[in-house]
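For reference, run-v5.cif (mmCIF, C-alpha atoms):
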data_entry
loop_
_atom_site.group_PDB
_atom_site.id
_atom_site.type_symbol
_atom_site.label_atom_id
_atom_site.label_comp_id
_atom_site.auth_asym_id
_atom_site.auth_seq_id
_atom_site.Cartn_x
_atom_site.Cartn_y
_atom_site.Cartn_z
ATOM 1 C CA ASP A 66 6.055 -44.608 60.317
ATOM 2 C CA VAL A 67 2.637 -43.736 61.648
ATOM 3 C CA LYS A 68 2.244 -44.607 65.284
ATOM 4 C CA VAL A 69 -1.121 -45.046 66.947
ATOM 5 C CA THR A 70 -0.760 -45.885 70.615
ATOM 6 C CA GLN A 71 -3.449 -47.212 72.877
ATOM 7 C CA SER A 72 -2.542 -46.724 76.495
ATOM 8 C CA SER A 73 -3.971 -49.949 77.892
ATOM 9 C CA ARG A 74 -3.693 -53.334 76.220
ATOM 10 C CA TYR A 75 -5.669 -55.295 78.803
ATOM 11 C CA LEU A 76 -8.229 -54.030 81.275
ATOM 12 C CA VAL A 77 -10.652 -55.710 83.633
ATOM 13 C CA LYS A 78 -13.416 -53.504 84.998
ATOM 14 C CA ARG A 79 -16.520 -54.051 87.085
ATOM 15 C CA THR A 80 -20.051 -53.497 85.883
ATOM 16 C CA GLY A 81 -21.065 -49.885 86.436
ATOM 17 C CA GLU A 82 -17.534 -48.497 86.464
ATOM 18 C CA LYS A 83 -16.575 -45.569 84.291
ATOM 19 C CA VAL A 84 -13.905 -46.628 81.826
ATOM 20 C CA PHE A 85 -11.530 -44.498 79.785
ATOM 21 C CA LEU A 86 -9.675 -45.852 76.766
ATOM 22 C CA GLU A 87 -6.980 -43.511 75.554
ATOM 23 C CA CYS A 88 -5.494 -43.246 72.091
ATOM 24 C CA VAL A 89 -2.662 -41.052 70.867
ATOM 25 C CA GLN A 90 -1.307 -40.645 67.342
ATOM 26 C CA ASP A 91 1.930 -38.930 66.425
ATOM 27 C CA MET A 92 1.340 -38.008 62.775
ATOM 28 C CA ASP A 93 -0.858 -34.921 63.079
ATOM 29 C CA HIS A 94 -3.853 -36.745 61.631
ATOM 30 C CA GLU A 95 -7.157 -34.899 61.620
ATOM 31 C CA ASN A 96 -9.313 -38.008 61.624
ATOM 32 C CA MET A 97 -9.488 -40.461 64.488
ATOM 33 C CA PHE A 98 -11.754 -43.450 64.987
ATOM 34 C CA TRP A 99 -12.833 -45.970 67.598
ATOM 35 C CA TYR A 100 -13.915 -49.441 66.534
ATOM 36 C CA ARG A 101 -14.866 -52.508 68.488
ATOM 37 C CA GLN A 102 -14.173 -55.982 67.247
ATOM 38 C CA ASP A 103 -16.218 -59.015 68.219
ATOM 39 C CA PRO A 104 -16.098 -62.589 66.949
ATOM 40 C CA GLY A 105 -18.519 -63.093 64.092
ATOM 41 C CA LEU A 106 -19.356 -59.395 63.904
ATOM 42 C CA GLY A 107 -16.102 -58.025 62.552
ATOM 43 C CA LEU A 108 -15.122 -54.425 63.194
ATOM 44 C CA ARG A 109 -17.832 -51.896 63.909
ATOM 45 C CA LEU A 110 -17.377 -48.150 64.113
ATOM 46 C CA ILE A 111 -18.361 -46.584 67.438
ATOM 47 C CA TYR A 112 -17.409 -42.926 66.996
ATOM 48 C CA PHE A 113 -15.110 -40.857 64.864
ATOM 49 C CA SER A 114 -13.703 -37.361 64.989
ATOM 50 C CA TYR A 115 -12.585 -35.196 62.097
ATOM 51 C CA ASP A 116 -11.158 -32.355 64.152
ATOM 52 C CA VAL A 117 -10.551 -31.211 67.700
ATOM 53 C CA LYS A 118 -13.804 -31.106 69.673
ATOM 54 C CA MET A 119 -15.678 -32.502 66.671
ATOM 55 C CA LYS A 120 -17.235 -35.944 66.820
ATOM 56 C CA GLU A 121 -19.781 -38.023 65.005
ATOM 57 C CA LYS A 122 -21.566 -41.220 65.853
ATOM 58 C CA GLY A 123 -20.656 -44.349 64.033
ATOM 59 C CA ASP A 124 -22.730 -47.484 63.720
ATOM 60 C CA ILE A 125 -22.909 -48.477 67.389
ATOM 61 C CA PRO A 126 -22.523 -45.386 69.635
ATOM 62 C CA GLU A 127 -24.957 -46.467 72.358
ATOM 63 C CA GLY A 128 -23.298 -46.725 75.750
ATOM 64 C CA TYR A 129 -20.211 -44.806 74.637
ATOM 65 C CA SER A 130 -19.012 -41.239 74.452
ATOM 66 C CA VAL A 131 -15.789 -39.704 73.198
ATOM 67 C CA SER A 132 -13.547 -36.746 73.872
ATOM 68 C CA ARG A 133 -11.119 -34.983 71.553
ATOM 69 C CA GLU A 134 -9.572 -32.015 73.356
ATOM 70 C CA LYS A 135 -6.268 -32.213 71.522
ATOM 71 C CA LYS A 136 -5.577 -33.230 67.951
ATOM 72 C CA GLU A 137 -3.354 -36.128 68.870
ATOM 73 C CA ARG A 138 -5.603 -37.680 71.514
ATOM 74 C CA PHE A 139 -8.979 -39.374 71.182
ATOM 75 C CA SER A 140 -10.587 -40.937 74.230
ATOM 76 C CA LEU A 141 -13.388 -43.469 74.355
ATOM 77 C CA ILE A 142 -15.524 -43.358 77.491
ATOM 78 C CA LEU A 143 -17.833 -46.013 78.846
ATOM 79 C CA GLU A 144 -19.965 -44.081 81.324
ATOM 80 C CA SER A 145 -21.237 -47.205 83.077
ATOM 81 C CA ALA A 146 -19.575 -50.342 81.828
ATOM 82 C CA SER A 147 -21.713 -53.372 81.138
ATOM 83 C CA THR A 148 -20.790 -56.964 80.421
ATOM 84 C CA ASN A 149 -21.925 -56.648 76.804
ATOM 85 C CA GLN A 150 -19.154 -54.117 76.316
ATOM 86 C CA THR A 151 -16.539 -56.784 76.843
ATOM 87 C CA SER A 152 -14.646 -56.602 73.575
ATOM 88 C CA MET A 153 -11.503 -55.615 71.766
ATOM 89 C CA TYR A 154 -11.340 -51.880 71.039
ATOM 90 C CA LEU A 155 -9.261 -50.496 68.206
ATOM 91 C CA CYS A 156 -8.284 -46.884 67.712
ATOM 92 C CA ALA A 157 -7.298 -45.564 64.287
ATOM 93 C CA SER A 158 -6.286 -42.350 62.568
ATOM 94 C CA SER A 159 -5.970 -40.918 59.068
ATOM 95 C CA LEU A 160 -5.484 -37.752 57.077
ATOM 96 C CA PRO A 161 -8.591 -36.470 55.265
ATOM 97 C CA GLN A 162 -6.854 -36.247 51.913
ATOM 98 C CA ARG A 163 -5.311 -39.666 52.262
ATOM 99 C CA ASN A 164 -7.358 -42.781 52.205
ATOM 100 C CA THR A 165 -5.392 -45.032 54.472
ATOM 101 C CA ILE A 166 -6.415 -45.606 58.064
ATOM 102 C CA TYR A 167 -3.780 -46.713 60.543
ATOM 103 C CA PHE A 168 -4.648 -48.738 63.613
ATOM 104 C CA GLY A 169 -3.322 -49.113 67.118
ATOM 105 C CA GLU A 170 -2.597 -52.426 68.799
ATOM 106 C CA GLY A 171 -6.000 -52.734 70.398
ATOM 107 C CA SER A 172 -7.304 -52.733 73.954
ATOM 108 C CA TRP A 173 -8.881 -55.882 75.344
ATOM 109 C CA LEU A 174 -11.588 -54.881 77.813
ATOM 110 C CA THR A 175 -13.316 -57.369 80.078
ATOM 111 C CA VAL A 176 -16.277 -56.181 82.133
ATOM 112 C CA VAL A 177 -17.173 -58.498 85.015
ATOM 113 C CA ALA B 135 -24.815 -48.613 51.670
ATOM 114 C CA GLN B 136 -21.561 -50.452 51.245
ATOM 115 C CA LYS B 137 -20.845 -54.060 51.928
ATOM 116 C CA VAL B 138 -17.754 -56.241 51.925
ATOM 117 C CA THR B 139 -18.050 -60.008 51.903
ATOM 118 C CA GLN B 140 -15.310 -62.443 52.773
ATOM 119 C CA ALA B 141 -16.981 -65.786 52.298
ATOM 120 C CA GLN B 142 -14.057 -67.813 53.638
ATOM 121 C CA THR B 143 -14.225 -67.798 57.410
ATOM 122 C CA GLU B 144 -11.214 -70.045 57.932
ATOM 123 C CA ILE B 145 -8.534 -71.440 55.661
ATOM 124 C CA SER B 146 -5.835 -73.872 56.612
ATOM 125 C CA VAL B 147 -2.845 -74.640 54.383
ATOM 126 C CA VAL B 148 0.504 -76.324 54.729
ATOM 127 C CA GLU B 149 3.615 -74.201 54.550
ATOM 128 C CA LYS B 150 4.804 -73.376 51.005
ATOM 129 C CA GLU B 151 1.353 -73.772 49.530
ATOM 130 C CA ASP B 152 -0.215 -70.839 47.705
ATOM 131 C CA VAL B 153 -3.451 -69.492 49.127
ATOM 132 C CA THR B 154 -6.015 -67.001 47.825
ATOM 133 C CA LEU B 155 -8.301 -64.988 50.073
ATOM 134 C CA ASP B 156 -11.489 -63.817 48.419
ATOM 135 C CA CYS B 157 -13.135 -60.427 48.795
ATOM 136 C CA VAL B 158 -16.308 -59.216 47.109
ATOM 137 C CA TYR B 159 -17.603 -55.706 47.613
ATOM 138 C CA GLU B 160 -20.761 -53.755 46.913
ATOM 139 C CA THR B 161 -21.050 -50.040 46.398
ATOM 140 C CA ARG B 162 -22.886 -47.658 44.117
ATOM 141 C CA ASP B 163 -20.099 -45.110 44.289
ATOM 142 C CA THR B 164 -17.826 -44.859 41.291
ATOM 143 C CA THR B 165 -14.904 -43.618 43.382
ATOM 144 C CA TYR B 166 -13.812 -45.906 46.162
ATOM 145 C CA TYR B 167 -10.763 -47.456 47.758
ATOM 146 C CA LEU B 168 -10.141 -51.043 48.682
ATOM 147 C CA PHE B 169 -7.817 -52.273 51.390
ATOM 148 C CA TRP B 170 -6.366 -55.388 52.885
ATOM 149 C CA TYR B 171 -5.302 -55.503 56.519
ATOM 150 C CA LYS B 172 -3.555 -58.263 58.439
ATOM 151 C CA GLN B 173 -4.327 -58.900 62.097
ATOM 152 C CA PRO B 174 -1.824 -61.202 63.808
ATOM 153 C CA PRO B 175 -2.601 -62.693 67.228
ATOM 154 C CA SER B 176 -1.149 -59.594 68.891
ATOM 155 C CA GLY B 177 -4.228 -57.691 67.738
ATOM 156 C CA GLU B 178 -2.851 -54.798 65.740
ATOM 157 C CA LEU B 179 -4.339 -54.257 62.305
ATOM 158 C CA VAL B 180 -1.489 -53.931 59.838
ATOM 159 C CA PHE B 181 -2.139 -52.095 56.598
ATOM 160 C CA LEU B 182 -1.100 -54.144 53.552
ATOM 161 C CA ILE B 183 -2.421 -52.406 50.458
ATOM 162 C CA ARG B 184 -4.740 -49.722 49.127
ATOM 163 C CA ARG B 185 -6.204 -49.754 45.629
ATOM 164 C CA ASN B 186 -8.439 -47.065 44.126
ATOM 165 C CA SER B 187 -11.361 -47.804 41.859
ATOM 166 C CA PHE B 188 -9.707 -46.320 38.798
ATOM 167 C CA ASP B 189 -6.657 -48.528 38.953
ATOM 168 C CA GLU B 190 -7.332 -52.122 38.029
ATOM 169 C CA GLN B 191 -3.698 -52.990 37.626
ATOM 170 C CA ASN B 192 -2.755 -55.996 39.656
ATOM 171 C CA GLU B 193 -0.028 -55.572 42.201
ATOM 172 C CA ILE B 194 2.705 -57.810 43.499
ATOM 173 C CA SER B 195 4.750 -57.212 46.601
ATOM 174 C CA GLY B 196 7.110 -60.030 47.384
ATOM 175 C CA ARG B 197 5.014 -63.096 48.118
ATOM 176 C CA TYR B 198 1.811 -61.060 48.146
ATOM 177 C CA SER B 199 -0.281 -60.248 45.103
ATOM 178 C CA TRP B 200 -3.659 -58.654 44.622
ATOM 179 C CA ASN B 201 -6.151 -59.113 41.807
ATOM 180 C CA PHE B 202 -8.699 -56.307 41.414
ATOM 181 C CA GLN B 203 -11.568 -56.934 38.983
ATOM 182 C CA LYS B 204 -14.296 -54.320 38.784
ATOM 183 C CA SER B 205 -16.371 -56.508 36.491
ATOM 184 C CA THR B 206 -16.889 -58.991 39.303
ATOM 185 C CA SER B 207 -16.480 -56.497 42.200
ATOM 186 C CA SER B 208 -13.680 -58.561 43.614
ATOM 187 C CA PHE B 209 -10.349 -57.768 45.214
ATOM 188 C CA ASN B 210 -8.625 -61.042 45.929
ATOM 189 C CA PHE B 211 -5.379 -61.524 47.797
ATOM 190 C CA THR B 212 -2.895 -64.309 47.082
ATOM 191 C CA ILE B 213 -0.002 -65.394 49.249
ATOM 192 C CA THR B 214 2.573 -67.413 47.366
ATOM 193 C CA ALA B 215 4.687 -69.988 49.177
ATOM 194 C CA SER B 216 2.918 -69.369 52.467
ATOM 195 C CA GLN B 217 4.845 -69.300 55.731
ATOM 196 C CA VAL B 218 3.841 -69.919 59.325
ATOM 197 C CA VAL B 219 4.253 -66.190 60.019
ATOM 198 C CA ASP B 220 1.437 -65.522 57.559
ATOM 199 C CA SER B 221 -1.012 -67.018 60.029
ATOM 200 C CA ALA B 222 -3.404 -64.217 60.938
ATOM 201 C CA VAL B 223 -6.856 -62.857 60.312
ATOM 202 C CA TYR B 224 -7.036 -60.934 57.055
ATOM 203 C CA PHE B 225 -9.608 -58.221 56.501
ATOM 204 C CA CYS B 226 -10.755 -56.696 53.275
ATOM 205 C CA ALA B 227 -12.212 -53.188 53.603
ATOM 206 C CA LEU B 228 -13.747 -50.401 51.554
ATOM 207 C CA ILE B 229 -13.922 -46.619 51.721
ATOM 208 C CA VAL B 230 -16.203 -44.645 49.414
ATOM 209 C CA ALA B 231 -15.336 -41.114 48.371
ATOM 210 C CA SER B 232 -18.841 -39.842 49.100
ATOM 211 C CA SER B 233 -18.533 -40.586 52.808
ATOM 212 C CA GLY B 234 -16.996 -37.206 53.508
ATOM 213 C CA SER B 235 -13.698 -36.054 54.892
ATOM 214 C CA ALA B 236 -13.635 -38.516 57.766
ATOM 215 C CA ARG B 237 -13.853 -41.496 55.518
ATOM 216 C CA GLN B 238 -14.718 -44.655 57.297
ATOM 217 C CA LEU B 239 -13.851 -48.204 56.510
ATOM 218 C CA THR B 240 -16.469 -50.825 55.869
ATOM 219 C CA PHE B 241 -14.885 -54.141 56.814
ATOM 220 C CA GLY B 242 -15.503 -57.676 55.743
ATOM 221 C CA SER B 243 -15.861 -60.243 58.498
ATOM 222 C CA GLY B 244 -12.298 -61.469 58.051
ATOM 223 C CA THR B 245 -10.642 -64.720 57.038
ATOM 224 C CA GLN B 246 -8.614 -66.663 59.575
ATOM 225 C CA LEU B 247 -5.597 -68.097 57.770
ATOM 226 C CA THR B 248 -3.623 -70.834 59.477
ATOM 227 C CA VAL B 249 -0.382 -71.980 57.910
ATOM 228 C CA LEU B 250 0.794 -75.289 59.270
ATOM 229 C CA PRO B 251 4.484 -76.217 59.363
#

Since I need it in another form, could you write the structure as structure tokens?
Amino acid sequence: DVKVTQSSRYLVKRTGEKVFLECVQDMDHENMFWYRQDPGLGLRLIYFSYDVKMKEKGDIPEGYSVSREKKERFSLILESASTNQTSMYLCASSLPQRNTIYFGEGSWLTVV
Amino acid sequence: AQKVTQAQTEISVVEKEDVTLDCVYETRDTTYYLFWYKQPPSGELVFLIRRNSFDEQNEISGRYSWNFQKSTSSFNFTITASQVVDSAVYFCALIVASSGSARQLTFGSGTQLTVLP
């Protein structure tokens, strides 16, 4: 089974803090994704990566950056957290030749 | 641009009833893939099914069945004899082949299904 693991399920951070959300997948997938999920807005793509050190902006990249130094790990970084970044963050991965994306359990971030 | 519409925001049924979740999609691509995911209260998105645009055959998996109709751009999901454990948010999603190697999902807004005992 594909396993996508998000290191933190629940975080509470202060406004202005730098926040790291870590994601690891164990199936050698080239593609990795970060989404955020908000009530009434569904899932929106923040960033994705199709290879190590490669990244592309999704639909809502503002206020976020990402890092992919190793194939299995994809980090989402909030340089200066703000209250409007309080949300549920979902990491996902897939193989380019396969068209199924597998998701982690999600990280609930609260910025106070 | 692609779009997925799940018009039903919330559905509530009593256990053992059948329930159908609607999904309508829009795309100009001729090659695309449709998905259903289940999100229980724990938060994880669980993959249920993938269907490609060239395969309109309906599929049944246990109590789950899916009806794909290109003529109406719909990919509906039916749960037969619903159970309390089916309570979750269900998302319909779409990938188009033209979106490159890192194909991204376009999600519907989800349908909250509550199955009452």

_Please enumerate the residues selected by the PyMOL selection byres ((chain B) within 12 of (chain A)) when evaluated against the supplied file, formatted as a PyMOL selection string._
chain B and resi 138-140+143-144+165-186+223-231+233-246

Limited to C-alpha atoms, could you put the picked residues into a file as a PDB file, in the coordinates of the input?
ATOM      1  CA  VAL B 138     -17.754 -56.241  51.925  1.00  0.00           C
ATOM      2  CA  THR B 139     -18.050 -60.008  51.903  1.00  0.00           C
ATOM      3  CA  GLN B 140     -15.310 -62.443  52.773  1.00  0.00           C
ATOM      4  CA  THR B 143     -14.225 -67.798  57.410  1.00  0.00           C
ATOM      5  CA  GLU B 144     -11.214 -70.045  57.932  1.00  0.00           C
ATOM      6  CA  THR B 165     -14.904 -43.618  43.382  1.00  0.00           C
ATOM      7  CA  TYR B 166     -13.812 -45.906  46.162  1.00  0.00           C
ATOM      8  CA  TYR B 167     -10.763 -47.456  47.758  1.00  0.00           C
ATOM      9  CA  LEU B 168     -10.141 -51.043  48.682  1.00  0.00           C
ATOM     10  CA  PHE B 169      -7.817 -52.273  51.390  1.00  0.00           C
ATOM     11  CA  TRP B 170      -6.366 -55.388  52.885  1.00  0.00           C
ATOM     12  CA  TYR B 171      -5.302 -55.503  56.519  1.00  0.00           C
ATOM     13  CA  LYS B 172      -3.555 -58.263  58.439  1.00  0.00           C
ATOM     14  CA  GLN B 173      -4.327 -58.900  62.097  1.00  0.00           C
ATOM     15  CA  PRO B 174      -1.824 -61.202  63.808  1.00  0.00           C
ATOM     16  CA  PRO B 175      -2.601 -62.693  67.228  1.00  0.00           C
ATOM     17  CA  SER B 176      -1.149 -59.594  68.891  1.00  0.00           C
ATOM     18  CA  GLY B 177      -4.228 -57.691  67.738  1.00  0.00           C
ATOM     19  CA  GLU B 178      -2.851 -54.798  65.740  1.00  0.00           C
ATOM     20  CA  LEU B 179      -4.339 -54.257  62.305  1.00  0.00           C
ATOM     21  CA  VAL B 180      -1.489 -53.931  59.838  1.00  0.00           C
ATOM     22  CA  PHE B 181      -2.139 -52.095  56.598  1.00  0.00           C
ATOM     23  CA  LEU B 182      -1.100 -54.144  53.552  1.00  0.00           C
ATOM     24  CA  ILE B 183      -2.421 -52.406  50.458  1.00  0.00           C
ATOM     25  CA  ARG B 184      -4.740 -49.722  49.127  1.00  0.00           C
ATOM     26  CA  ARG B 185      -6.204 -49.754  45.629  1.00  0.00           C
ATOM     27  CA  ASN B 186      -8.439 -47.065  44.126  1.00  0.00           C
ATOM     28  CA  VAL B 223      -6.856 -62.857  60.312  1.00  0.00           C
ATOM     29  CA  TYR B 224      -7.036 -60.934  57.055  1.00  0.00           C
ATOM     30  CA  PHE B 225      -9.608 -58.221  56.501  1.00  0.00           C
ATOM     31  CA  CYS B 226     -10.755 -56.696  53.275  1.00  0.00           C
ATOM     32  CA  ALA B 227     -12.212 -53.188  53.603  1.00  0.00           C
ATOM     33  CA  LEU B 228     -13.747 -50.401  51.554  1.00  0.00           C
ATOM     34  CA  ILE B 229     -13.922 -46.619  51.721  1.00  0.00           C
ATOM     35  CA  VAL B 230     -16.203 -44.645  49.414  1.00  0.00           C
ATOM     36  CA  ALA B 231     -15.336 -41.114  48.371  1.00  0.00           C
ATOM     37  CA  SER B 233     -18.533 -40.586  52.808  1.00  0.00           C
ATOM     38  CA  GLY B 234     -16.996 -37.206  53.508  1.00  0.00           C
ATOM     39  CA  SER B 235     -13.698 -36.054  54.892  1.00  0.00           C
ATOM     40  CA  ALA B 236     -13.635 -38.516  57.766  1.00  0.00           C
ATOM     41  CA  ARG B 237     -13.853 -41.496  55.518  1.00  0.00           C
ATOM     42  CA  GLN B 238     -14.718 -44.655  57.297  1.00  0.00           C
ATOM     43  CA  LEU B 239     -13.851 -48.204  56.510  1.00  0.00           C
ATOM     44  CA  THR B 240     -16.469 -50.825  55.869  1.00  0.00           C
ATOM     45  CA  PHE B 241     -14.885 -54.141  56.814  1.00  0.00           C
ATOM     46  CA  GLY B 242     -15.503 -57.676  55.743  1.00  0.00           C
ATOM     47  CA  SER B 243     -15.861 -60.243  58.498  1.00  0.00           C
ATOM     48  CA  GLY B 244     -12.298 -61.469  58.051  1.00  0.00           C
ATOM     49  CA  THR B 245     -10.642 -64.720  57.038  1.00  0.00           C
ATOM     50  CA  GLN B 246      -8.614 -66.663  59.575  1.00  0.00           C
TER      51      GLN B 246
END

*Name every residue that the PyMOL selection byres ((chain B and resi 155) around 7) selects in this structure, writing the answer as a ChimeraX atom specification with chains first and numbers rising.*
/B:153-154,156-157,210-212

*Work out how far CA of Lys122 (chain A) is from CA of Ser232 (chain B), in Å to one decimal.*
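Between these atoms lies a distance of 17.0 Å.
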
*To one decimal in Å, tell me the separation between CA of Leu141 (chain A) and CA of Glu87 (chain A).*
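That distance, rounded to one decimal, is 6.5 Å.
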
*Which protein, DNA or RNA residues have an atom at most 12 Å from (-21.4, -52.4, 86.4), counting only C-alpha atoms? List them as number ranges by chain.*
A: 77-84, 143-151, 175-177

*One-decimal distance in Å that lies between CA of Gln71 (chain A) and CA of Cys88 (chain A)*: 4.5 Å

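Those residues returned by the PyMOL selection byres ((chain A and resi 134) around 7) for this file are Val117, Lys118, Ser132, Arg133, Lys135 and Lys136 of chain A.
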
*For each of A:Lys120, A:Thr70, A:Arg101, A:Phe85, take the minimum atom-to-atom distance to Glu137 (chain A), counting only C-alpha atoms, then give the residue where this is smallest.*
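The shortest atom-to-atom distance to Glu137 (chain A) comes from A:Thr70.
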
Listed atoms of region 157-168 of chain A boxed axis-aligned with 6 Å per side, centre + edges as AutoDock Vina command-line options:
--center_x -6.2 --center_y -42.5 --center_z 58.1 --size_x 16.8 --size_y 24.5 --size_z 24.4

*From the set B:Val148, B:Val158, B:Ile213, B:Ala222, which residue has the shortest atom-to-atom contact distance to Ser199 (chain B), counting all atoms listed in the file?*
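Distance minimum relative to Ser199 (chain B) lands on B:Ile213.
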